[in-house]
Every structure is written in C-alpha cells, then in structure tokens.
Amino acid sequence: MMSLGPYASFIVTAYSLAALVLALLIGWIAIDYRNQTRRLRALDESGVVRRSGRSTVDTR
Amino acid sequence: MSLIDLANPSRFLALTARILPWLAAATAILLAIGLYQSATAPDDYQQGATVKIMFIHVPNAWLSMFVWGVMSLASLGTLVWRHPLADVAAKAAAPIGAAFTFLALVTGSLWGRPMWGTYWEWDARLTSVLILFLMYLGLMALWRAVEDPSRAARAAAVLTLVGAINLPIIKFSVDWWNTLHQPASVFRMGGPTLDRVFLIPLLVMAIAFTLLFVTLHLAAMRNEILRRRVRSLQMMQASRKAA
C-alpha cells in the first residue's frame, strides 16, 4: 500500500478533482456528438438534403 | 493530405473518424504509464509525497497556456488567411483550455496549502493564471452571445490575440516579480533542475495530457462542424417552409 504521508488528503483530492473534471469534459463532448448526430438524423428523416445531394448524416 | 485539403469540413470529418480511435488509445496508454510512474516516484526530501501533485499540476498549467497559443494561431487563421476551420478550431479549444486552467489553479492551490501554508496568494503567477481562466470564460460567453458564427469568430479572434499578451506575463511573472511561486525548473536556460526520477514521469504525463488535448480538440471540432451543418439545414428547412 502506497503511503502518502500527513498530506494524503491534499494529494487524493487533487487527483480526484482532476479525474472528475476530465471525465465531465469527455462526457460532455461525447453527449454533444450524440445530440448533433441525432439532430442530423431527424433532419434526414424529414426529407432535408444537403446542397451536395448527400444525406445529412453522411459525414464524408 | 495538405492544410488546404483540410479546409473542406467533410474531408476533416473523414480524417477525424479515422484517427480519433488511435489517438484515444495512445492517450489512455500513455496516461496509464504516467500515472503508474507518478504513483511509484519517491517522495521529495523537502516536500514529501506532495510532490505527486506536481505530475498533474504542471501538465495542466502548461496546457492552459498551450491551448491559448493554439487559439491564437487559429485566430490568425480566421483574420489573416480566412481558413474555414480556423474559427471552428478556436471555438472548440476554449472549453478544453478552461478546464485545464481550472485544474492548474485548483491543484496548485491544493499543493500550496501544505507547502506555503495558504491556498491562495495574490502574487503575479497565480493572479495572471486566474486572469487567463477568466479570459477563457469570457471567450466562451462571447461565442454563446453572438448567434452568427462568422461574426462571433472575428470578435473572438481579436479578443484571443489581445489576450495572448498574458502568455509571456504568466511565463516570466516568476522572474519579473517577487512571487511565492517557484521559478521555472524544466524549461529554463541551463537545463532542468529536476532530478530524473521526477522529470521522466512529469514529461510522460505532459505528453499524455497533450495527446488528451489533441484528441478532445479534434472531437470537439467535429461536433462544432456537425452543429453548423444542423444550423444551416434547419435554416434551409425554414426557408423552404416559408416559400
């Protein structure tokens, strides 16, 4: 077991906060991607097409 | 593939779809190695185990400035070269930079309490990084306040370039003023003063965090391109309905 000495609470809090903030950031970006692709799919289903004629969900 | 090819958002989306899984895997592996090395690094003879906070504080502090540097380059791309993805890159980087800056401030504060006896001191380094954090928040607010992305892009680009003045102030604050914060110990004339047992885990963590930024930035840019596609298609749909 790793010993962190008398200031263990500061070290654990620092690492936990970093993990939490980065997890929130990654989660937010992943949810945003899902939302945008869902909105594009809804537009595609309603018959809207891009000027190029490609499907709205075609990311090429 | 050249920079000109990447000006096409569809080509950019195709490229990100191919490289994002590899980047994410490389980030996870390097982060795991860095965390293992940080956990097994010996205690410092003066700071004890609190030196472990350095392995997350310093990469976040470096990236807080690096991301603003990336946004400044992107702003030049918006104002000078009018690259179609420049403002997408700047807008997507801001929340990521804000998160790194927040973590630099909080982890620094948690390191400062046992070492300096205080969570916060209004010295030049800490205050200039706090100003950087507020500038990130200001930029994000500006992007949200202006509905037209191209108008918001120009205003944000000017603000970003003006804000870049803060980067040398942060870097040299510890040399120009008498601060509680220690001077540079890695990027300095005469080489690093850190021992290898601390320097190697620190550099591994710094590379891992940089890869994390590249991964998240590309993913956020992809989201922003899709958001703009949704917006233009919704406008097209609305104009068809009106006609």
# chains A, B, ... in the order shown; residues from 1 in each chain; ligands from 1
>>> residues_around(residues="segment 149-155 of chain B", least_positions_apart="4", cutoff="12 Å", atoms="only C-alpha atoms", output="number ranges by chain")
B: 71, 74-80, 82-92, 138-145, 159-162, 224-225, 227-229, 231-232
>>> interface_residues(of="chain B", to="chain A", cutoff="8 Å", atoms="only C-alpha atoms", output="ChimeraX atom specification")
/B:10-11,13-14,39,48-50,52-53,56,96,99,103,106-107,110-111,114,216,219-220,222-223,226-227,230,233-234,237
>>> write_last_selection(atoms="C-alpha atoms", output="JSON list (two decimals), in the first residue's frame")
[["chain", "number", "residue", "atom", "x", "y", "z"],
["B", 10, "SER", "CA", -16.22, 16.86, -44.95],
["B", 11, "ARG", "CA", -12.61, 15.77, -45.50],
["B", 13, "LEU", "CA", -14.67, 14.76, -40.60],
["B", 14, "ALA", "CA", -13.47, 11.72, -42.55],
["B", 39, "ALA", "CA", 2.47, 6.71, -8.04],
["B", 48, "GLY", "CA", 7.45, 14.61, 0.88],
["B", 49, "ALA", "CA", 4.64, 12.89, -1.02],
["B", 50, "THR", "CA", 3.01, 16.21, -2.02],
["B", 52, "LYS", "CA", 2.99, 13.84, -6.60],
["B", 53, "ILE", "CA", 0.62, 16.79, -7.13],
["B", 56, "ILE", "CA", -0.93, 16.71, -12.64],
["B", 96, "ILE", "CA", -10.90, 22.44, -23.01],
["B", 99, "ALA", "CA", -10.85, 23.01, -17.89],
["B", 103, "LEU", "CA", -7.33, 22.24, -12.82],
["B", 106, "VAL", "CA", -7.17, 24.05, -8.07],
["B", 107, "THR", "CA", -4.31, 21.52, -7.96],
["B", 110, "LEU", "CA", -4.10, 22.09, -3.01],
["B", 111, "TRP", "CA", -0.30, 21.86, -3.34],
["B", 114, "PRO", "CA", 0.70, 22.19, 2.79],
["B", 216, "LEU", "CA", -10.61, 16.15, -27.28],
["B", 219, "ALA", "CA", -13.65, 15.54, -31.26],
["B", 220, "ALA", "CA", -14.96, 18.98, -30.24],
["B", 222, "ARG", "CA", -16.08, 17.50, -35.28],
["B", 223, "ASN", "CA", -19.05, 18.38, -33.02],
["B", 226, "LEU", "CA", -21.90, 19.00, -37.23],
["B", 227, "ARG", "CA", -23.61, 21.75, -35.16],
["B", 230, "VAL", "CA", -27.53, 21.25, -38.38],
["B", 233, "LEU", "CA", -30.01, 22.65, -42.72],
["B", 234, "GLN", "CA", -32.57, 23.99, -40.23],
["B", 237, "GLN", "CA", -35.81, 23.84, -44.00]]
>>> residues_around(residues="Leu35 of chain B", least_positions_apart="3", cutoff="9 Å", atoms="only C-alpha atoms", output="number ranges by chain")
B: 30-32, 38-40, 55, 201, 204-205
>>> write_last_selection(atoms="C-alpha atoms", output="PDB file, in the first residue's frame")
ATOM      1  CA  LEU B  30       0.432   6.971 -22.007  1.00  0.00           C
ATOM      2  CA  LEU B  31      -1.795   8.252 -19.179  1.00  0.00           C
ATOM      3  CA  ALA B  32      -1.714   4.803 -17.536  1.00  0.00           C
ATOM      4  CA  SER B  38       3.770   9.154 -10.659  1.00  0.00           C
ATOM      5  CA  ALA B  39       2.468   6.707  -8.038  1.00  0.00           C
ATOM      6  CA  THR B  40       5.817   4.911  -7.732  1.00  0.00           C
ATOM      7  CA  PHE B  55       2.594  15.410 -12.004  1.00  0.00           C
ATOM      8  CA  PRO B 201       7.107  10.875 -15.010  1.00  0.00           C
ATOM      9  CA  VAL B 204       5.296  11.342 -19.711  1.00  0.00           C
ATOM     10  CA  MET B 205       2.274  12.971 -18.034  1.00  0.00           C
TER      11      MET B 205
END
>>> select_by_dssp(residues="chain A", states="alpha helix (DSSP H)", output="ChimeraX atom specification")
/A:8-45
>>> decode(residues="segment 100-144 of chain B", atoms="C-alpha atoms", output="CSV table (one decimal), in the first residue's frame")
chain,number,residue,atom,x,y,z
B,100,PHE,CA,-7.0,22.7,-17.9
B,101,THR,CA,-6.6,26.2,-16.4
B,102,PHE,CA,-9.2,25.4,-13.7
B,103,LEU,CA,-7.3,22.2,-12.8
B,104,ALA,CA,-4.0,24.1,-12.8
B,105,LEU,CA,-5.5,26.6,-10.3
B,106,VAL,CA,-7.2,24.1,-8.1
B,107,THR,CA,-4.3,21.5,-8.0
B,108,GLY,CA,-1.8,24.4,-7.4
B,109,SER,CA,-4.0,25.6,-4.5
B,110,LEU,CA,-4.1,22.1,-3.0
B,111,TRP,CA,-0.3,21.9,-3.3
B,112,GLY,CA,0.2,25.4,-1.9
B,113,ARG,CA,-1.7,24.8,1.3
B,114,PRO,CA,0.7,22.2,2.8
B,115,MET,CA,3.8,23.8,1.2
B,116,TRP,CA,3.2,27.5,1.6
B,117,GLY,CA,0.6,27.5,4.4
B,118,THR,CA,-2.0,29.1,2.2
B,119,TYR,CA,-4.4,28.0,-0.6
B,120,TRP,CA,-4.2,31.4,-2.4
B,121,GLU,CA,-1.9,34.4,-2.6
B,122,TRP,CA,-2.4,37.4,-4.9
B,123,ASP,CA,1.1,37.1,-6.4
B,124,ALA,CA,1.9,37.6,-10.1
B,125,ARG,CA,1.9,34.0,-11.3
B,126,LEU,CA,-1.3,33.0,-9.5
B,127,THR,CA,-3.2,36.2,-10.5
B,128,SER,CA,-2.1,36.1,-14.1
B,129,VAL,CA,-3.3,32.4,-14.4
B,130,LEU,CA,-6.6,33.4,-12.8
B,131,ILE,CA,-6.9,36.2,-15.4
B,132,LEU,CA,-6.3,33.5,-18.1
B,133,PHE,CA,-9.1,31.4,-16.7
B,134,LEU,CA,-11.5,34.4,-16.7
B,135,MET,CA,-10.5,35.2,-20.3
B,136,TYR,CA,-11.4,31.6,-21.3
B,137,LEU,CA,-14.8,32.1,-19.7
B,138,GLY,CA,-15.2,35.5,-21.4
B,139,LEU,CA,-14.5,34.0,-24.8
B,140,MET,CA,-17.0,31.1,-24.3
B,141,ALA,CA,-19.6,33.7,-23.2
B,142,LEU,CA,-18.9,35.7,-26.4
B,143,TRP,CA,-19.3,32.7,-28.6
B,144,ARG,CA,-22.7,32.0,-27.0
